[in-house]
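Q: This is the content of target.csv (CSV, C-alpha atoms):
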chain,number,residue,atom,x,y,z
A,240,ALA,CA,94.1,99.5,112.3
A,241,GLU,CA,92.4,102.3,114.1
A,242,GLU,CA,95.5,104.6,114.0
A,243,TRP,CA,95.8,103.8,110.3
A,244,ASP,CA,92.2,104.9,109.6
A,245,VAL,CA,92.8,108.2,111.5
A,246,ALA,CA,96.0,108.9,109.6
A,247,ARG,CA,94.4,108.2,106.3
A,248,GLU,CA,91.3,110.3,107.0
A,249,THR,CA,93.6,113.2,108.1
A,250,GLU,CA,95.6,113.1,104.9
A,251,LEU,CA,92.4,112.9,102.8
A,252,ARG,CA,91.1,116.1,104.4
A,253,ARG,CA,94.4,117.8,103.8
A,254,ASN,CA,95.0,116.7,100.2
A,255,SER,CA,92.5,114.8,98.1
A,256,SER,CA,93.4,115.7,94.5
A,257,PRO,CA,92.8,113.2,91.6
A,258,VAL,CA,96.6,113.0,91.3
A,259,GLU,CA,96.9,111.8,94.9
A,260,ALA,CA,94.2,109.3,94.3
A,261,LEU,CA,96.2,107.7,91.4
A,262,PHE,CA,99.8,107.8,92.8
A,263,GLN,CA,99.5,107.7,96.6
A,264,SER,CA,100.4,104.6,98.6
A,265,TRP,CA,100.6,104.3,102.3
A,266,GLU,CA,103.4,102.9,104.5
A,267,LEU,CA,103.5,101.8,108.1
A,268,SER,CA,106.8,102.3,109.9
A,269,GLU,CA,107.1,100.0,112.9
A,270,THR,CA,109.7,100.2,115.6
A,271,ARG,CA,110.3,97.7,118.4
A,272,CYS,CA,112.5,98.4,121.5
A,273,GLY,CA,115.3,95.8,122.0
A,274,GLY,CA,114.9,96.1,125.8
A,275,CYS,CA,111.2,96.2,126.8
A,276,ARG,CA,109.9,95.1,123.3
A,277,ARG,CA,107.5,98.1,123.2
A,278,ARG,CA,106.1,98.6,119.7
A,279,GLY,CA,105.5,102.0,118.1
A,280,ALA,CA,104.1,102.8,114.7
A,281,SER,CA,103.7,105.8,112.3
A,282,PHE,CA,101.9,106.1,109.0
A,283,ALA,CA,103.0,108.1,105.9
A,284,PRO,CA,101.7,108.6,102.3
A,285,GLN,CA,104.2,108.0,99.5
A,286,ARG,CA,104.0,108.9,95.8
A,287,LEU,CA,107.4,107.5,94.7
A,288,LEU,CA,109.2,104.5,96.4
A,289,CYS,CA,113.0,104.9,96.2
A,290,LEU,CA,114.3,101.4,96.3
A,291,PRO,CA,117.9,100.4,97.1
A,292,VAL,CA,119.6,98.2,94.5
A,293,ALA,CA,119.7,94.8,96.2
A,294,ALA,CA,122.9,92.9,96.6
A,295,GLY,CA,124.0,90.4,94.1
A,296,PRO,CA,125.2,90.3,90.5
A,297,ALA,CA,121.8,90.7,88.9
A,298,PRO,CA,119.0,91.2,91.6
A,299,SER,CA,115.4,91.3,90.6
A,300,LEU,CA,113.1,94.2,91.2
A,301,GLN,CA,111.3,92.0,93.8
A,302,ASP,CA,114.7,91.7,95.6
A,303,CYS,CA,114.9,95.5,95.7
A,304,LEU,CA,111.3,95.7,97.1
A,305,ARG,CA,112.2,93.2,99.8
A,306,ALA,CA,115.3,95.2,100.7
A,307,TYR,CA,113.2,98.4,101.0
A,308,PHE,CA,110.5,96.9,103.2
A,309,GLY,CA,112.8,94.5,105.1
A,310,GLY,CA,113.6,94.9,108.8
A,311,GLU,CA,116.7,96.7,110.0
A,312,ALA,CA,118.4,96.5,113.4
A,313,MET,CA,119.6,99.8,114.9
A,314,GLY,CA,122.2,100.2,117.7
A,315,GLU,CA,122.0,102.6,120.7
A,316,GLU,CA,124.4,104.9,118.8
A,317,ARG,CA,121.6,106.0,116.6
A,318,GLY,CA,120.3,108.1,119.4
A,319,TRP,CA,116.8,106.6,119.7
A,320,ARG,CA,115.2,106.8,123.2
A,321,CYS,CA,112.5,104.3,124.1
A,322,PRO,CA,109.5,106.1,125.6
A,323,SER,CA,109.0,103.3,128.1
A,324,CYS,CA,112.6,102.6,129.1
A,325,ARG,CA,113.4,106.3,129.0
A,326,GLN,CA,117.0,105.7,127.8
A,327,PRO,CA,118.8,104.9,124.6
A,328,ARG,CA,118.1,101.4,123.4
A,329,PRO,CA,118.8,99.3,120.3
A,330,PHE,CA,115.7,98.8,118.2
A,331,ASN,CA,114.3,97.1,115.1
A,332,LYS,CA,112.6,99.0,112.4
A,333,ARG,CA,110.5,97.7,109.5
A,334,LEU,CA,108.3,99.2,106.8
A,335,TYR,CA,105.0,97.7,105.6
A,336,LEU,CA,102.9,98.5,102.6
A,337,LEU,CA,99.3,99.2,103.8
A,338,ARG,CA,97.6,100.4,100.6
A,339,PRO,CA,99.1,100.1,97.1
A,340,PRO,CA,98.3,102.8,94.6
A,341,SER,CA,96.5,102.6,91.2
A,342,VAL,CA,99.8,103.7,89.6
A,343,LEU,CA,102.9,102.5,91.2
A,344,LEU,CA,106.1,104.6,90.7
A,345,LEU,CA,109.4,103.0,91.7
A,346,SER,CA,112.8,104.7,91.5
A,347,LEU,CA,116.1,102.7,91.8
A,348,LYS,CA,118.8,104.4,93.8
A,349,ARG,CA,121.5,104.4,91.1
A,350,PHE,CA,123.6,107.0,92.8
A,351,SER,CA,125.5,106.7,96.0
A,352,GLY,CA,126.8,109.7,98.0
A,353,PRO,CA,129.9,110.4,100.1
A,354,PRO,CA,132.4,109.1,101.0
A,355,ASN,CA,132.4,107.1,97.7
A,356,PRO,CA,130.0,108.9,95.3
A,357,ARG,CA,129.4,106.8,92.2
A,358,ARG,CA,126.7,105.4,89.8
A,359,LEU,CA,125.6,101.9,90.6
A,360,ASN,CA,125.8,99.9,87.4
A,361,THR,CA,124.3,96.7,88.8
A,362,PRO,CA,121.7,95.3,86.3
A,363,VAL,CA,118.3,94.8,87.8
A,364,VAL,CA,115.8,92.3,86.3
A,365,VAL,CA,112.5,94.3,85.8
A,366,PRO,CA,109.4,92.1,85.5
A,367,ARG,CA,106.5,93.1,83.2
A,368,ARG,CA,104.1,91.8,85.8
A,369,LEU,CA,104.5,92.5,89.4
A,370,ALA,CA,102.6,90.8,92.2
A,371,LEU,CA,103.1,92.6,95.6
A,372,ARG,CA,101.0,90.1,97.5
A,373,GLU,CA,103.6,87.4,96.7
A,374,LEU,CA,106.3,89.4,98.5
A,375,ASN,CA,104.5,89.5,101.9
A,376,LEU,CA,104.9,93.3,102.2
A,377,GLY,CA,101.7,93.9,104.1
A,378,HIS,CA,101.3,94.1,107.9
A,379,PRO,CA,99.7,91.0,109.6
A,380,GLU,CA,97.2,93.2,111.4
A,381,VAL,CA,96.4,95.4,108.3
A,382,PRO,CA,96.5,93.1,105.2
A,383,LEU,CA,96.6,94.5,101.7
A,384,PRO,CA,93.1,95.1,100.2
A,385,ALA,CA,91.6,92.1,98.4
A,386,GLY,CA,92.5,92.2,94.7
A,387,GLY,CA,95.2,94.9,95.2
A,388,GLY,CA,98.9,94.8,94.5
A,389,GLU,CA,98.8,93.3,90.9
A,390,TYR,CA,100.6,95.5,88.3
A,391,THR,CA,101.8,95.6,84.8
A,392,LEU,CA,104.7,97.6,83.6
A,393,TYR,CA,103.8,100.3,81.0
A,394,GLY,CA,106.7,102.7,81.0
A,395,LEU,CA,110.1,103.6,82.3
A,396,VAL,CA,112.8,106.3,82.4
A,397,ALA,CA,116.3,105.2,81.7
A,398,HIS,CA,119.6,106.8,82.6
A,399,HIS,CA,122.7,106.5,80.4
A,400,GLY,CA,126.1,107.7,81.5
A,401,GLY,CA,127.9,108.2,84.8
A,402,LEU,CA,127.8,110.3,87.9
A,403,ALA,CA,129.3,113.5,86.3
A,404,PHE,CA,127.3,113.3,83.1
A,405,GLY,CA,124.4,111.4,81.6
A,406,HIS,CA,121.3,111.4,79.4
A,407,TYR,CA,117.7,110.3,80.1
A,408,THR,CA,115.5,108.5,77.7
A,409,ALA,CA,112.0,106.9,78.1
A,410,ALA,CA,110.4,103.7,77.0
A,411,VAL,CA,106.7,103.0,76.8
A,412,GLU,CA,104.4,100.1,75.9
A,413,LEU,CA,102.1,100.9,73.0
A,414,GLU,CA,98.5,99.7,72.7
A,415,ASP,CA,99.6,96.8,70.4
A,416,GLY,CA,102.0,95.5,73.1
A,417,ARG,CA,105.2,96.7,71.3
A,418,TRP,CA,107.6,99.0,73.1
A,419,ALA,CA,109.0,102.2,71.8
A,420,GLU,CA,112.0,104.4,72.9
A,421,LEU,CA,111.6,108.2,73.2
A,422,ASP,CA,115.0,110.0,73.0
A,423,ASP,CA,114.4,113.8,73.0
A,424,ALA,CA,112.5,114.4,69.7
A,425,ALA,CA,113.3,110.9,68.3
A,426,PHE,CA,110.8,108.0,68.4
A,427,ARG,CA,111.9,104.5,67.7
A,428,LEU,CA,110.2,101.1,68.0
A,429,LEU,CA,112.1,98.5,70.0
A,430,SER,CA,112.3,94.9,69.0
A,431,PRO,CA,111.3,92.2,71.5
A,432,ASP,CA,115.0,91.4,72.1
A,433,GLU,CA,115.9,95.1,72.6
A,434,THR,CA,113.0,95.4,75.1
A,435,ASP,CA,114.1,92.3,77.0
A,436,ARG,CA,117.7,93.5,77.2
A,437,LEU,CA,116.6,96.9,78.5
A,438,LEU,CA,114.5,95.3,81.2
A,439,ARG,CA,117.6,93.3,82.3
A,440,SER,CA,120.1,96.1,82.2
A,441,HIS,CA,121.5,98.8,84.5
A,442,SER,CA,119.7,101.6,82.6
A,443,PRO,CA,116.1,101.6,84.1
A,444,TYR,CA,115.9,104.4,86.7
A,445,ILE,CA,112.2,105.1,87.2
A,446,LEU,CA,109.6,102.4,86.6
A,447,CYS,CA,105.8,103.0,86.0
A,448,TYR,CA,103.4,100.2,86.8
A,449,ARG,CA,99.6,100.2,86.3
A,450,SER,CA,97.3,98.3,88.6
A,451,THR,CA,95.3,95.5,87.0
A,452,ASN,CA,92.6,96.1,89.6
A,453,PRO,CA,92.6,99.9,90.3
A,454,ASN,CA,90.8,101.2,93.4
Step by step, read the file and then write its structure as structure tokens.
A:
Amino acid sequence: AEEWDVARETELRRNSSPVEALFQSWELSETRCGGCRRRGASFAPQRLLCLPVAAGPAPSLQDCLRAYFGGEAMGEERGWRCPSCRQPRPFNKRLYLLRPPSVLLLSLKRFSGPPNPRRLNTPVVVPRRLALRELNLGHPEVPLPAGGGEYTLYGLVAHHGGLAFGHYTAAVELEDGRWAELDDAAFRLLSPDETDRLLRSHSPYILCYRSTNPN
């Protein structure tokens, strides 16, 4: 917790704009040596979380968040040298969410690179309400702030097309609870069924969530 406080204070001195205050979250990256079990940690601010599309025919956004923050085992071939063992070792790596932002921006990795570049057309179920606390993303020693991590969806950017061509539109929730689509200069109200279909399709690319209890 002390290292986290130092990292946060250093970042605040370097960059403390109102934009950062709204969009910035904090992650902890923890590594553990497979030999001596030594643990290391680093802290980094994030403004946009780029989530992998989780496996399955129709994963939820919660599944994608779990995949992003879940642990990963790395072999010696990754070239990591344990500071204690002083030689290459297999290790485990995991990300934790330390401080959620007031406005949470999530991007789904819809495009894969070489050797098989393509657009991923897996539909993802996007919830209108998102509770990060229920996903156990925080670190046991640095829990999420009380009352934090509860969000409502208020807008998104959608991608239509493939890898070589495409078109972007936006959708936003209006004050009366209805949703509207913005397509270049065109504005169109969406029916409840159209909104539900959009939130269960492969089109959403960037998702915008607003905290129900902002810092």
Q: Using all atoms listed in the file, can you tell me which of A:Tyr407, A:Phe350, A:Phe426, A:Phe330 comes closest to Arg278 (chain A)?
A: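 Among A:Tyr407, A:Phe350, A:Phe426, A:Phe330, it is A:Phe330 that comes nearest to Arg278 (chain A).
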Q: Between CA of Glu266 (chain A) and CA of Leu376 (chain A), what is the spacing in Å?
A: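 According to the coordinates, CA of Leu376 (chain A) and CA of Glu266 (chain A) are separated by 10.0 Å.
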Q: Report the distance between CA of Tyr444 (chain A) and CA of Leu345 (chain A) in Å, rounded to one decimal place.
A: 8.3 Å
Q: Fewer than 5 positions away in the same chain doesn't count, so skip those; otherwise give me all residues within 7 Å of Lys332 (chain A), counting all atoms listed in the file, as a VMD selection string.
A: chain A and resid 269 to 271 310 to 312
Q: Just give me the gap between CA of Arg427 (chain A) and CA of Leu446 (chain A) in Å, one decimal is fine.
A: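 The value is 19.2 Å.
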Q: From the options A:Ser351, A:Pro362, A:Arg320, A:Leu304, which residue's atoms come nearest to Leu336 (chain A), counting only C-alpha atoms?
A: A:Leu304
Q: For Leu359 (chain A), which residue out of A:Leu261, A:Ser430, A:Gly401, A:Leu290 is the nearest one, using all atoms listed in the file?
A: A:Gly401
Q: Counting all atoms listed in the file, figure out which residue out of A:Asn331, A:Ser341, A:Asn355, A:Thr408 gets nearest to Thr451 (chain A).
A: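 So, comparing all the options, the nearest one is A:Ser341.
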Q: Extract, using all atoms listed in the file, all DNA, RNA and protein residues at most 10 Å from Thr361 (chain A), discarding same-chain residues fewer than 3 positions from it, and format them as a list in words.
A: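 Contacts, in chain order: Val292, Ala293, Ala294, Gly295, Pro296, Ala297, Pro298, Arg349, Arg358, Val364, Arg439, Ser440, His441 and Ser442 of chain A.
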Q: Name all residues at most 10 Å from Ser450 (chain A) (count only C-alpha atoms; drop same-chain ones fewer than 3 positions away) and give them as a list in words.
A: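 Once the adjacent positions are removed, what remains is Leu261, Pro339, Pro340, Ser341, Val342, Leu343, Arg368, Leu369, Ala370, Gly386, Gly387, Gly388, Glu389, Tyr390, Thr391, Leu392, Pro453 and Asn454 of chain A.
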Q: Counting only C-alpha atoms, which residue out of A:Glu414, A:Asp302, A:Glu259, A:Asp422 sits closest to Leu374 (chain A)?
A: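 Smallest distance to Leu374 (chain A) is found for A:Asp302.
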Q: Counting only C-alpha atoms, which of A:Thr434, A:Asn360, A:Arg328, A:Leu337 gets nearest to His399 (chain A)?
A: A:Asn360
Q: For Pro443 (chain A), list every protein, DNA or RNA residue within 8 Å, evaluated using only C-alpha atoms, and leave out those in the same chain fewer than 4 positions away; present the list as a list in words.
A: Leu347, Leu395, Val396, Ala397, His398, Leu437 and Leu438 of chain A
